[in-house]
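In what follows, a structure is listed as structure tokens, so that the remarks can point back to it.
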Amino acid sequence: MFARAVQLTQGFTRPLIVSTRLADGTVTSGCAAFVVVNDKGWMVTASHVMSELVAYKQQSAAPSDTADPARITNVSYWWGKDGVTVAELTVDGLADLAVGRLEPFDPREVGTYPTFGNSARPLLPGTALCRLGFPFHAIGAAFVEATGQFQLAEGTLPLPLFPLDGIHTRLYNVVDPASHRQASFLEVSTPGLSGQSGGPVFDSDGVVWGIQSRTVHLPLGFNPKVTVGDREVEEHQFLNVGLAAHVDEVVRLLRSRGAKVAVSGRPG
């Protein structure tokens, strides 16, 4: 069902590798995804994958005399290619979105660009959807003191894409208690996987309806008992569903930065 759509969307879905080093020397790396939006190099991803950068900037702006082994001393974002950075970064934490412009950017390296869904023709519950990203990868990295840069472990790249399908179940709204602003998410019947955050959620035509945000766990209301060793314990049962930032939130944020966005039946 999604073979053609995956071929289309993989052209603009790229891996994002985040590496950090702490004051105690610990180096960690993880993977997410981002979507290249247009031929000017604008991109969109989930804002929570920028949390290490936000924490690093906050810590750098408030230096402390107290040694903290968990303090971030170095952070790196690898945007699918060596030497690429992001300019004009804008983060919307409520909608879990971040947009920016890739620099340098060569449009010849992108096979296709996304068409976003048009909420004038809303997505119906039960519509088949698919998400794309880079799960099931153990990202290894080391920090090279001589260069002041991170180096990915040999064999890390390339990162194969992994699609996962489900159906649209309902809309999910989040409200900021201070401003009363509301952000909309679409719910999908299957969980988003680690490594798919920031990737597209799209229909069988490849039209993008959201950007993968997170997985929530809905209690099913029954707790069967199982025996573990010599103890009997209750196993709480949940339905794991994925939330994606709604297409309206994505288009709004991109257009607020002057980025050109193609919308189904209404390009520009």
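In the structure tokens, chains take letters A, B, ... by order of appearance, with residues numbered from 1 within each chain and ligands from 1 in the order shown.
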Extract, using only C-alpha atoms, all DNA, RNA and protein residues at most 10 Å from segment 241-251 of chain A, discarding same-chain residues fewer than 2 positions from it, and format them as JSON, numbers by chain. {"A": [44, 45, 46, 92, 94, 95, 96, 97, 98, 99, 116, 117, 118, 119, 131, 166, 168, 169, 170, 171, 172, 173, 183, 184, 185, 186, 187, 188, 189, 190, 191, 192, 193, 197, 198, 199, 200, 201, 208, 209, 210, 211, 212, 213, 214, 215, 216, 217, 218, 238, 239, 253, 254, 255, 256, 259, 260, 261, 262, 263]}
Near Tyr113 of chain A, within 8 Å and counting only C-alpha atoms, which residues show up once chain neighbours fewer than 5 positions away are dropped, as a list in words? Thr9, Gly11, Phe12, Val36, Val37, Asn38 and Asp39 of chain A
Selection export as a tab-separated table (two decimals), in the first residue's frame, atoms kept: N, CA and C atoms:
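Here's the written file part_7.tsv:
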chain	number	residue	atom	x	y	z
A	9	THR	N	8.61	9.78	-0.26
A	9	THR	CA	8.97	10.51	0.95
A	9	THR	C	10.42	10.30	1.38
A	11	GLY	N	12.84	10.62	-0.38
A	11	GLY	CA	13.64	11.64	-1.06
A	11	GLY	C	13.86	12.89	-0.24
A	12	PHE	N	12.97	13.16	0.72
A	12	PHE	CA	13.13	14.37	1.55
A	12	PHE	C	13.24	14.08	3.04
A	36	VAL	N	13.23	17.83	4.60
A	36	VAL	CA	13.62	18.97	3.77
A	36	VAL	C	12.38	19.46	3.04
A	37	VAL	N	12.03	20.73	3.27
A	37	VAL	CA	10.71	21.23	2.85
A	37	VAL	C	10.70	21.79	1.44
A	38	ASN	N	11.77	22.52	1.06
A	38	ASN	CA	11.74	23.17	-0.26
A	38	ASN	C	13.16	23.36	-0.81
A	39	ASP	N	13.25	23.92	-2.01
A	39	ASP	CA	14.54	24.03	-2.69
A	39	ASP	C	15.41	25.15	-2.15
Atomic distance atom CA of Ser204 of chain A - atom CA of Val6 of chain A, expressed in Å with one decimal: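 Computing it gives 8.5 Å between the two atoms.
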Apply DSSP to the structure's backbone, then extract all residues of segment 6-172 of chain A labelled strand (DSSP E or B) and return them as a ChimeraX atom specification. /A:13-22,27-36,42-45,72-78,85-92,97-103,115-116,128-133,141-144,149-152,162-172
Distance query Ala5 of chain A at most 10 Å, only C-alpha atoms, self and fewer than 4 positions along chain excluded, as number ranges by chain: A: 1, 9-10, 130, 202-208
Output file for the residues above (C-alpha atoms, as a CSV table (one decimal), in the first residue's frame):
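Result saved to result-v8.csv:
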chain,number,residue,atom,x,y,z
A,1,MET,CA,0.0,0.0,0.0
A,9,THR,CA,9.0,10.5,0.9
A,10,GLN,CA,12.4,9.0,1.4
A,130,CYS,CA,2.7,5.6,7.5
A,202,PHE,CA,2.0,10.5,5.3
A,203,ASP,CA,-0.9,8.9,3.5
A,204,SER,CA,-0.7,6.3,0.7
A,205,ASP,CA,-0.2,9.1,-1.9
A,206,GLY,CA,2.8,10.4,0.0
A,207,VAL,CA,1.0,13.6,1.2
A,208,VAL,CA,2.4,14.6,4.6
Give me the segment 1-32 of chain A side of the contact with segment 140-147 of chain A, cut-off 8 Å, one line per residue showing its nearest atom pair and distance in Å at one decimal, counting only C-alpha atoms, sorted by chain and residue number, as a Markdown table.
| residue | atom | partner | partner_atom | distance |
| --- | --- | --- | --- | --- |
| A:Ser19 | CA | A:Ala141 | CA | 7.2 |
| A:Arg21 | CA | A:Phe143 | CA | 7.3 |
| A:Val27 | CA | A:Ala142 | CA | 6.5 |
| A:Thr28 | CA | A:Ala141 | CA | 7.0 |
| A:Ser29 | CA | A:Gly140 | CA | 6.3 |
In segment 51-256 of chain A, DSSP alpha helix (DSSP H) residues written as a list in words: Ser51, Glu52, Leu53, Val54, Ala55, Tyr56, Lys57, Gln58, Gln59, Ser60, Ala61, Val247, Asp248, Glu249, Val250, Val251, Arg252, Leu253, Leu254, Arg255 and Ser256 of chain A
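With atom CA of Pro135 of chain A on one side and atom CA of Phe162 of chain A on the other, the separation reads 6.7 Å.
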Minimum-distance residue to Leu102 of chain A, chosen among A:Leu132, A:Met43, A:Ala55, A:Ile139 (using only C-alpha atoms): A:Met43
Identify, on the basis of only C-alpha atoms, every residue whose closest approach to Leu53 of chain A does not exceed 10 Å; exclude the query and any residue fewer than 2 positions from it along the same chain; express the result as number ranges by chain. A: 18-20, 48-51, 55-59, 72, 74-77
Extract, using only C-alpha atoms, all DNA, RNA and protein residues at most 8 Å from Cys31 of chain A, discarding same-chain residues fewer than 5 positions from it, and format them as a PyMOL selection string. chain A and resi 15-18+134-135+137+139+194-195
